[in-house]
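Asks: My file is model27.cif. It has mmCIF, C-alpha atoms:
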```
data_input
loop_
_atom_site.label_atom_id
_atom_site.label_comp_id
_atom_site.auth_asym_id
_atom_site.auth_seq_id
_atom_site.Cartn_x
_atom_site.Cartn_y
_atom_site.Cartn_z
CA MET A 1 39.15 22.68 65.77
CA LYS A 2 41.65 21.32 63.25
CA ARG A 3 40.97 18.49 60.82
CA TYR A 4 40.25 15.28 62.64
CA TYR A 5 39.58 11.62 61.92
CA ILE A 6 37.70 8.99 63.90
CA ILE A 7 39.22 5.57 64.52
CA ASP A 8 36.52 3.13 65.57
CA SER A 9 37.91 0.52 67.94
CA THR A 10 34.76 -1.53 68.53
CA LEU A 11 36.32 -4.54 66.80
CA ARG A 12 39.44 -4.26 68.96
CA GLU A 13 38.91 -2.40 72.23
CA GLY A 14 35.21 -3.29 72.20
CA GLN A 15 36.06 -6.99 72.02
CA GLN A 16 37.77 -6.62 75.40
CA ASN A 17 34.40 -5.94 77.02
CA SER A 18 33.30 -8.89 79.11
CA ILE A 19 29.98 -9.40 77.28
CA CYS A 20 31.04 -8.58 73.70
CA ASN A 21 31.71 -11.36 71.21
CA PHE A 22 31.09 -10.51 67.55
CA THR A 23 30.86 -13.35 65.05
CA LEU A 24 32.71 -12.95 61.75
CA ASN A 25 29.44 -12.19 59.94
CA GLN A 26 28.60 -9.54 62.52
CA LYS A 27 32.05 -8.00 62.13
CA GLN A 28 31.56 -7.85 58.37
CA ASP A 29 28.11 -6.24 58.68
CA PHE A 30 29.44 -3.80 61.27
CA LEU A 31 32.36 -2.80 59.05
CA ILE A 32 29.93 -2.02 56.23
CA LEU A 33 27.90 0.20 58.59
CA LEU A 34 31.03 2.06 59.71
CA ASP A 35 31.90 2.69 56.09
CA LYS A 36 28.39 3.98 55.35
CA PHE A 37 28.67 6.35 58.29
CA GLY A 38 31.99 7.62 56.95
CA ILE A 39 34.29 6.52 59.77
CA GLU A 40 37.82 6.81 58.43
CA TYR A 41 39.49 3.93 60.29
CA ALA A 42 38.58 0.63 61.93
CA GLU A 43 41.04 -0.72 64.48
CA LEU A 44 41.24 -4.51 64.67
CA ILE A 45 42.72 -6.93 67.21
CA ASN A 46 46.22 -8.34 66.97
CA PRO A 47 46.21 -10.92 64.12
CA ASN A 48 48.93 -12.78 66.02
CA SER A 49 46.61 -13.41 68.97
CA SER A 50 45.16 -16.58 67.42
CA ASP A 51 44.66 -18.47 64.18
CA ILE A 52 41.03 -17.39 64.24
CA ALA A 53 42.00 -13.72 64.49
CA PHE A 54 44.41 -14.10 61.57
CA LYS A 55 41.77 -15.76 59.37
CA GLU A 56 39.22 -13.09 60.29
CA TYR A 57 41.70 -10.41 59.29
CA LYS A 58 42.02 -12.01 55.89
CA SER A 59 38.23 -12.13 55.53
CA LEU A 60 37.73 -8.49 56.52
CA VAL A 61 40.50 -7.29 54.20
CA GLN A 62 38.94 -9.29 51.37
CA LEU A 63 35.50 -7.86 52.18
CA LYS A 64 36.88 -4.34 51.94
CA LYS A 65 38.45 -5.12 48.59
CA ASP A 66 35.35 -6.86 47.18
CA LEU A 67 32.95 -4.07 48.20
CA GLY A 68 35.33 -1.19 47.54
CA LEU A 69 35.00 0.15 51.08
CA GLY A 70 36.84 3.37 51.81
CA ILE A 71 37.45 2.69 55.50
CA LYS A 72 41.06 1.91 56.43
CA LEU A 73 41.82 -1.22 58.46
CA ILE A 74 44.44 -0.84 61.17
CA ALA A 75 46.08 -3.66 63.15
CA HIS A 76 46.72 -2.90 66.82
CA ILE A 77 49.79 -4.93 67.80
CA ARG A 78 52.62 -5.05 70.30
CA ASN A 79 56.06 -3.73 69.54
CA HIS A 80 57.16 -7.32 68.91
CA THR A 81 58.74 -8.82 65.81
CA SER A 82 56.33 -11.77 65.71
CA ASP A 83 53.30 -9.43 65.78
CA ILE A 84 54.76 -7.27 63.03
CA GLU A 85 55.45 -10.26 60.78
CA LYS A 86 51.89 -11.53 61.18
CA ALA A 87 50.33 -8.12 60.57
CA LEU A 88 52.32 -7.55 57.40
CA GLN A 89 50.91 -10.78 55.99
CA CYS A 90 47.37 -9.37 56.18
CA ASN A 91 47.71 -6.61 53.56
CA ILE A 92 46.15 -4.11 55.92
CA ASP A 93 46.24 -0.32 55.60
CA GLY A 94 48.07 0.47 58.81
CA ILE A 95 49.81 -0.77 61.93
CA ILE A 96 49.65 0.60 65.46
CA LEU A 97 52.69 -0.42 67.48
CA SER A 98 51.75 -0.22 71.14
CA SER A 99 54.34 0.04 73.91
CA HIS A 100 53.96 0.38 77.69
CA LEU A 101 56.95 2.39 78.87
CA ASN A 102 56.13 1.99 82.57
CA CYS A 103 55.89 -1.81 82.43
CA ASN A 104 59.04 -2.46 80.49
CA ASN A 105 62.28 -3.78 81.95
CA LYS A 106 64.25 -1.90 79.29
CA SER A 107 65.60 1.62 79.60
CA ILE A 108 64.16 4.32 77.35
CA ASP A 109 67.29 4.18 75.21
CA GLU A 110 66.85 0.43 74.74
CA ILE A 111 63.18 0.92 73.90
CA ILE A 112 64.08 3.57 71.33
CA GLN A 113 66.71 1.34 69.73
CA HIS A 114 64.29 -1.58 69.56
CA SER A 115 61.45 0.59 68.21
CA VAL A 116 63.53 2.23 65.50
CA LYS A 117 64.67 -1.19 64.33
CA ASN A 118 61.08 -2.45 64.07
CA LEU A 119 59.77 0.71 62.43
CA ASP A 120 62.55 0.72 59.88
CA TYR A 121 61.81 -2.91 59.07
CA ILE A 122 58.11 -2.18 58.49
CA LYS A 123 58.92 0.71 56.15
CA LYS A 124 61.30 -1.46 54.12
CA ILE A 125 58.79 -4.29 53.75
CA ASN A 126 55.84 -2.01 52.98
CA PRO A 127 56.72 1.66 52.33
CA ASP A 128 53.06 2.59 51.78
CA ILE A 129 51.63 1.25 55.02
CA GLU A 130 50.45 3.78 57.59
CA ILE A 131 52.45 3.50 60.82
CA ILE A 132 51.39 4.68 64.25
CA PHE A 133 53.44 4.35 67.42
CA SER A 134 51.36 4.56 70.58
CA THR A 135 52.37 4.64 74.24
CA GLU A 136 50.19 3.07 76.93
CA ASP A 137 49.45 4.84 80.22
CA SER A 138 50.80 8.06 78.73
CA PHE A 139 49.46 10.38 81.42
CA ARG A 140 51.34 8.59 84.19
CA THR A 141 54.55 8.69 82.15
CA ASP A 142 57.12 11.46 82.43
CA PRO A 143 56.37 13.75 79.45
CA ASN A 144 60.10 14.21 78.94
CA ILE A 145 60.42 10.46 78.40
CA LEU A 146 57.52 10.52 75.95
CA CYS A 147 59.08 13.36 74.00
CA LYS A 148 62.48 11.69 73.89
CA LEU A 149 60.86 8.61 72.35
CA PHE A 150 58.65 10.51 69.90
CA LEU A 151 61.49 12.73 68.78
CA ALA A 152 63.62 9.65 68.05
CA ILE A 153 60.95 7.90 65.97
CA GLU A 154 59.14 10.80 64.29
CA ASP A 155 60.77 10.21 60.89
CA TYR A 156 59.59 6.58 60.85
CA VAL A 157 55.90 7.11 61.65
CA ASP A 158 52.85 8.82 60.19
CA ARG A 159 51.57 9.71 63.64
CA ILE A 160 52.17 9.12 67.31
CA GLY A 161 49.61 8.05 69.88
CA ILE A 162 49.02 8.73 73.56
CA THR A 163 46.68 6.61 75.66
CA ASP A 164 44.90 7.26 78.92
CA THR A 165 44.89 3.55 79.72
CA VAL A 166 43.39 3.86 83.21
CA GLY A 167 41.10 6.85 82.62
CA ILE A 168 42.66 9.36 84.99
CA ALA A 169 43.64 12.24 82.68
CA THR A 170 42.26 15.70 83.42
CA HIS A 171 41.87 18.40 80.80
CA TYR A 172 44.94 20.10 82.28
CA ASP A 173 46.98 16.93 81.74
CA ILE A 174 45.78 16.71 78.15
CA GLU A 175 46.49 20.34 77.33
CA ASP A 176 49.96 20.23 78.89
CA THR A 177 50.99 16.89 77.37
CA LEU A 178 49.84 17.79 73.86
CA ASP A 179 51.53 21.17 74.12
CA ILE A 180 54.86 19.61 75.16
CA ILE A 181 54.69 16.98 72.41
CA GLN A 182 53.82 19.49 69.69
CA ASN A 183 56.61 21.82 70.75
CA THR A 184 59.10 18.95 70.74
CA THR A 185 58.26 17.03 67.56
CA ARG A 186 57.86 18.29 64.01
CA SER A 187 54.74 20.38 63.59
CA GLU A 188 53.12 18.30 60.84
CA LEU A 189 53.24 15.07 62.86
CA ASP A 190 49.71 13.82 63.56
CA ILE A 191 48.67 12.81 67.08
CA GLU A 192 46.21 10.07 67.98
CA CYS A 193 44.48 9.91 71.38
CA HIS A 194 42.69 7.08 73.19
CA PHE A 195 40.78 7.78 76.41
CA HIS A 196 39.30 5.28 78.86
CA ASN A 197 36.12 6.11 80.74
CA ASP A 198 36.89 4.92 84.29
CA SER A 199 36.22 8.41 85.68
CA SER A 200 33.39 9.14 83.21
CA CYS A 201 35.46 11.72 81.31
CA ALA A 202 36.30 9.93 78.04
CA VAL A 203 34.05 12.04 75.79
CA SER A 204 35.04 15.36 77.34
CA ASN A 205 38.73 14.37 77.30
CA ALA A 206 38.51 13.39 73.63
CA TYR A 207 36.93 16.75 72.85
CA ILE A 208 39.62 18.64 74.78
CA ALA A 209 42.28 16.69 72.88
CA LEU A 210 40.73 17.64 69.54
CA LEU A 211 40.74 21.29 70.57
CA ASN A 212 44.43 21.06 71.45
CA GLY A 213 45.94 19.54 68.34
CA CYS A 214 44.88 15.88 68.36
CA THR A 215 44.09 14.77 64.79
CA HIS A 216 42.87 11.18 65.32
CA ILE A 217 40.54 10.07 68.10
CA ASN A 218 39.61 6.53 69.16
CA THR A 219 35.96 5.72 69.79
CA CYS A 220 33.76 2.67 70.30
CA VAL A 221 30.07 2.35 69.50
CA LEU A 222 28.19 2.63 72.83
CA GLY A 223 31.60 3.35 74.39
CA ILE A 224 32.20 -0.35 75.08
CA GLY A 225 35.65 -1.64 75.91
CA GLU A 226 37.78 -2.95 78.71
CA ARG A 227 36.27 -2.15 82.14
CA ASN A 228 34.15 1.01 81.64
CA GLY A 229 35.11 1.32 77.99
CA ILE A 230 36.39 4.32 76.05
CA THR A 231 35.03 7.37 74.23
CA ASP A 232 31.47 6.75 73.06
CA LEU A 233 30.94 7.54 69.37
CA SER A 234 27.46 9.04 69.86
CA GLY A 235 28.69 11.04 72.84
CA LEU A 236 31.58 12.53 70.88
CA ILE A 237 29.35 13.30 67.90
CA SER A 238 26.87 15.10 70.17
CA ARG A 239 29.64 17.12 71.82
CA ILE A 240 31.08 18.22 68.47
CA TYR A 241 27.60 18.90 67.07
CA THR A 242 26.90 21.59 69.67
CA THR A 243 30.09 23.55 68.91
CA TYR A 244 31.48 22.65 65.46
CA PRO A 245 28.52 21.13 63.55
CA ASN A 246 30.00 21.92 60.13
CA THR A 247 32.86 19.50 60.77
CA LEU A 248 30.33 16.64 60.93
CA LYS A 249 29.14 17.10 57.35
CA LYS A 250 31.60 14.45 56.21
CA TYR A 251 29.64 11.82 58.14
CA ASN A 252 26.26 10.25 57.33
CA LEU A 253 24.65 10.99 60.69
CA TYR A 254 21.53 9.01 59.78
CA ILE A 255 23.56 5.81 60.31
CA LEU A 256 24.43 6.65 63.94
CA LYS A 257 21.25 5.15 65.41
CA THR A 258 21.69 2.03 63.25
CA LEU A 259 25.23 1.55 64.58
CA ASP A 260 24.14 1.85 68.21
CA VAL A 261 21.19 -0.48 67.73
CA PHE A 262 23.40 -3.00 65.92
CA VAL A 263 25.90 -3.20 68.78
CA SER A 264 23.24 -3.25 71.49
CA THR A 265 21.60 -6.17 69.67
CA VAL A 266 24.90 -8.04 69.46
CA LEU A 267 25.42 -7.47 73.19
CA GLY A 268 21.87 -8.51 73.98
CA ILE A 269 21.07 -5.29 75.84
CA ASN A 270 18.72 -2.36 75.34
CA LEU A 271 20.09 1.02 74.31
CA PRO A 272 20.83 2.98 77.51
CA ILE A 273 17.97 5.40 78.17
CA ASN A 274 20.45 8.28 78.56
CA ASN A 275 22.53 7.48 75.48
CA CYS A 276 23.33 10.66 73.59
CA ILE A 277 21.22 11.19 70.44
CA THR A 278 20.19 7.55 69.98
CA GLY A 279 18.81 6.69 73.43
CA PRO A 280 15.07 6.02 73.70
CA CYS A 281 14.56 9.21 75.74
CA SER A 282 16.94 11.50 73.82
CA PHE A 283 14.31 13.65 72.14
CA TYR A 284 11.40 13.33 74.54
CA GLN A 285 10.48 16.64 76.14
CA GLY A 286 7.54 18.29 77.84
CA VAL A 287 4.75 20.18 76.07
CA LEU A 288 6.01 23.64 76.96
CA SER A 289 9.73 22.84 76.86
CA THR A 290 12.10 24.38 74.32
CA CYS A 291 15.23 22.94 75.93
CA ILE A 292 16.78 21.21 72.94
CA VAL A 293 20.05 21.99 71.15
CA ILE A 294 20.53 18.91 68.95
CA LYS A 295 18.12 18.73 66.01
CA PRO A 296 16.81 15.15 65.78
CA GLU A 297 16.05 15.54 62.06
CA ASP A 298 19.80 15.87 61.38
CA PHE A 299 20.08 12.25 62.52
CA GLY A 300 16.97 10.98 60.76
CA LEU A 301 15.09 11.01 64.07
CA SER A 302 12.14 13.00 65.40
CA GLU A 303 11.24 14.91 68.52
CA LYS A 304 8.61 13.41 70.81
CA ILE A 305 6.40 15.06 73.37
CA PHE A 306 6.44 13.59 76.86
CA ILE A 307 2.88 13.86 78.20
CA PHE A 308 2.15 11.41 80.96
CA SER A 309 3.99 11.36 84.28
CA HIS A 310 3.43 11.41 88.03
CA ILE A 311 3.80 15.20 87.91
CA MET A 312 1.90 15.90 84.67
CA ASP A 313 -0.16 19.05 84.60
CA TYR A 314 -3.47 20.13 83.14
CA ASN A 315 -1.83 21.77 80.07
CA SER A 316 -0.03 18.57 79.07
CA LEU A 317 -3.21 16.52 79.09
CA LYS A 318 -5.12 19.26 77.27
CA PHE A 319 -2.41 19.27 74.58
CA PHE A 320 -2.79 15.51 74.13
CA LEU A 321 -6.59 15.75 73.88
CA GLN A 322 -6.44 18.56 71.33
CA ASN A 323 -4.04 16.58 69.12
CA ASN A 324 -5.52 13.10 69.48
CA LEU A 325 -9.17 13.45 70.53
CA SER A 326 -10.11 16.82 69.06
CA ASN A 327 -13.69 15.74 68.35
CA ILE A 328 -14.40 15.50 72.09
CA ARG A 329 -15.14 18.63 74.06
CA LEU A 330 -14.33 18.58 77.77
CA SER A 331 -14.53 21.35 80.34
CA ASP A 332 -11.34 22.57 81.96
CA ASP A 333 -12.58 21.33 85.34
CA TYR A 334 -13.13 17.85 83.91
CA VAL A 335 -9.65 17.79 82.33
CA GLU A 336 -8.12 18.75 85.66
CA LYS A 337 -9.96 15.94 87.46
CA LEU A 338 -8.99 13.49 84.70
CA CYS A 339 -5.37 14.55 85.09
CA ASP A 340 -5.48 13.74 88.81
CA THR A 341 -7.05 10.34 88.08
CA ILE A 342 -4.33 9.45 85.58
CA LYS A 343 -1.62 10.40 88.06
CA MET A 344 -3.17 8.09 90.64
CA ASP A 345 -3.17 5.26 88.10
CA LEU A 346 0.49 5.90 87.34
CA VAL A 347 1.36 5.64 91.03
CA GLN A 348 -0.35 2.26 91.25
CA ASP A 349 1.01 0.83 87.97
CA ASN A 350 4.58 1.66 86.95
CA SER A 351 4.26 -0.13 83.60
CA LEU A 352 1.51 2.27 82.58
CA LEU A 353 3.97 5.14 82.15
CA TYR A 354 5.79 3.51 79.23
CA LYS A 355 2.55 2.40 77.52
CA LEU A 356 0.93 5.82 77.63
CA ASN A 357 3.98 7.71 76.36
CA ASN A 358 5.01 5.27 73.66
CA ASP A 359 1.70 4.04 72.25
CA PRO A 360 -0.70 6.87 71.27
CA GLU A 361 -3.48 4.43 70.36
CA TYR A 362 -3.26 2.80 73.77
CA ALA A 363 -3.29 6.24 75.42
CA LYS A 364 -6.40 7.26 73.47
CA SER A 365 -8.32 4.11 74.38
CA TYR A 366 -7.20 4.48 78.00
CA ILE A 367 -8.59 8.04 78.20
CA LEU A 368 -11.77 7.17 76.29
CA LYS A 369 -12.46 4.51 78.94
CA TYR A 370 -12.74 7.26 81.56
CA ILE A 371 -14.64 9.70 79.37
CA SER A 372 -17.26 7.13 78.42
#
```
Go ahead and express the file in the form of structure tokens.
Replies:
Amino acid sequence: MKRYYIIDSTLREGQQNSICNFTLNQKQDFLILLDKFGIEYAELINPNSSDIAFKEYKSLVQLKKDLGLGIKLIAHIRNHTSDIEKALQCNIDGIILSSHLNCNNKSIDEIIQHSVKNLDYIKKINPDIEIIFSTEDSFRTDPNILCKLFLAIEDYVDRIGITDTVGIATHYDIEDTLDIIQNTTRSELDIECHFHNDSSCAVSNAYIALLNGCTHINTCVLGIGERNGITDLSGLISRIYTTYPNTLKKYNLYILKTLDVFVSTVLGINLPINNCITGPCSFYQGVLSTCIVIKPEDFGLSEKIFIFSHIMDYNSLKFFLQNNLSNIRLSDDYVEKLCDTIKMDLVQDNSLLYKLNNDPEYAKSYILKYIS
């Protein structure tokens, strides 16, 4: 895997989720958390979308300056003059010009002419600003058209972007498209990728892209975004961890759980039970199980033993007794009968499962009730 950078889009793509609505204070707190984690970029909504958005941009830029944050702030805008003018007033670190080639009444030559004019203007106004040109719905666009555009603008941009807007790309599409682009444009040109999760492939597609030359990948905390969202930050981190863990040393992985909890709190939902790394069940496993590849301590978390269930066995209960009620001696026959009794209780009361596995003191008093 080559060098790569993460662009968090929670404050842009994430805001397009139907239940997400960060306040300015929440955006500020979230930006600080991203910076503590070590995320390199934060993508923000179009400052030309409203007066409120423009004022919030100013506030976030000022926050970065006041606190000396290292994270770069990027404005995601349309390839329109009015958007460009507004973005340049915000003193941001970078601009993403987004263009949908398939929903444009102009020919590719007209789009190129218009794009070059806008890109040249940005460079003249602010030579130091980072410029990205991204195409929407890239995997349903003729790759020859993409390459013609990228080849025409490559001297005006710091990187180009391709977007799986509808979430249909396969790993074959990604490999082929990146290969064609890299063989057409100059070799040092960076490539940014953005994958939607409509077919539940955003994390795997992002990983495939990184393995095939992508240098910048878009993520959202909890994977939120329009419709089914985009690449989940925790999911991508877990995928990279299992294959290229050394590349994650630049990030403060202890902050990952804090980020997920922060966003779930803003949304008013619980963390999904199957969320990678940070989910409430991520590091629960049975007494005799060794099926774990991600070390929870690398994320400031700890492994937990899952004891009680409808299919628990004698050994699981014996393990619990030895570690929590070691002063009590019970025969193996008694432990087996007690195990059967507990399973019957679990069948009759579904809420008991959570209490027993998440509150050791409750579990001890529950068992002592039967022993006494």
Asks: When you look at Asn126 in chain A with a cut-off of 12 Å (counting only C-alpha atoms), what residues show up, excluding the ones that are within fewer than 5 positions of it in the same chain? I need them as JSON, numbers by chain.
Replies: {"A": [84, 85, 87, 88, 89, 90, 91, 92, 93, 94, 95, 119, 120, 121, 131]}
Asks: Would you compute the distance between CA of Ser9 in chain A and CA of Cys220 in chain A? Give it in Å to one decimal.
Replies: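 Between these atoms lies a distance of 5.2 Å.
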Asks: Give me the residues within 10 Å of range 17-29 of chain A as a ChimeraX atom specification, counting only C-alpha atoms and dropping any in the same chain fewer than 6 places off.
Replies: /A:10-11,52-53,55-57,59-61,63-64,224-229,262-264,266-269
Asks: Can you tell me how far CA of Leu34 in chain A sits from CA of Arg3 in chain A, in Å to one decimal?
Replies: 19.2 Å
Asks: What is the distance between CA of Thr170 in chain A and CA of Cys201 in chain A, in Å to one decimal?
Replies: 8.2 Å
Asks: Pick out the closest residue to Ile7 in chain A from this set: A:Ala202, A:Leu338, A:Leu256, A:Leu233. Count all atoms listed in the file.
Replies: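 Looking at the shortest contact to Ile7 in chain A, the residue is A:Leu233.
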Asks: Could you tell me which residues the PyMOL selection byres ((chain A and resi 143) around 12) returns for this structure, as a PyMOL selection string?
Replies: chain A and resi 101+135+137-142+144-151+162+173-174+176-184
Asks: Pick out the residues sitting within 12 Å of range 361-365 of chain A, and hand them over as an MDAnalysis selection string; count only C-alpha atoms, and ignore anything fewer than 2 positions along from it in its own chain.
Replies: chainID A and resid 307:308 317 320:326 328 342 352:359 367:372
Asks: Could you check the closest approach to Lys343 in chain A for each of A:His216, A:His310, A:Arg186, A:Lys117 and tell me which residue wins, using all atoms listed in the file?
Replies: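 That would be A:His310, the residue with the smallest distance to Lys343 in chain A.
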Asks: So which residues get picked by the PyMOL selection byres ((chain A and resi 97) around 10) here, written as a list of chain:residue names?
Replies: A:Ala75, A:His76, A:Ile77, A:Arg78, A:Asn79, A:His80, A:Asp83, A:Ile84, A:Gly94, A:Ile95, A:Ile96, A:Ser98, A:Ser99, A:Ser115, A:Asn118, A:Leu119, A:Ile131, A:Ile132, A:Phe133, A:Ser134, A:Thr135, A:Ile160, A:Gly161
Asks: Please evaluate the PyMOL selection byres ((chain A and resi 214) around 8) against the displayed coordinates and give the resulting residues as a PyMOL selection string.
Replies: chain A and resi 4+178+190-193+209-213+215-217
Asks: Would you list the contacts of Pro280 in chain A as a PDB file with C-alpha atoms, in the frame of the given file, taking every protein, DNA or RNA residue within 10 Å and counting all atoms listed in the file, but skipping same-chain residues closer than 6 positions in sequence?
Replies:
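The file below, part-v1.pdb, is the result:
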```pdb
ATOM      1  CA  ASN A 270      18.720  -2.360  75.340  1.00  0.00           C
ATOM      2  CA  LEU A 271      20.090   1.020  74.310  1.00  0.00           C
ATOM      3  CA  PRO A 272      20.830   2.980  77.510  1.00  0.00           C
ATOM      4  CA  ILE A 273      17.970   5.400  78.170  1.00  0.00           C
ATOM      5  CA  ASN A 274      20.450   8.280  78.560  1.00  0.00           C
TER       6      ASN A 274
END
```
Asks: Restricting the calculation to only C-alpha atoms, which member of A:Leu301, A:Val347, A:Ile237, A:Val116 is positioned closest to Ile153 in chain A?
Replies: A:Val116
Asks: Considering all atoms listed in the file, return as a count of residues only whatever protein or nucleic-acid residues lie within 9 Å of Ile39 in chain A, sequence-local ones (same chain, fewer than 6 positions apart) excluded.
Replies: 8
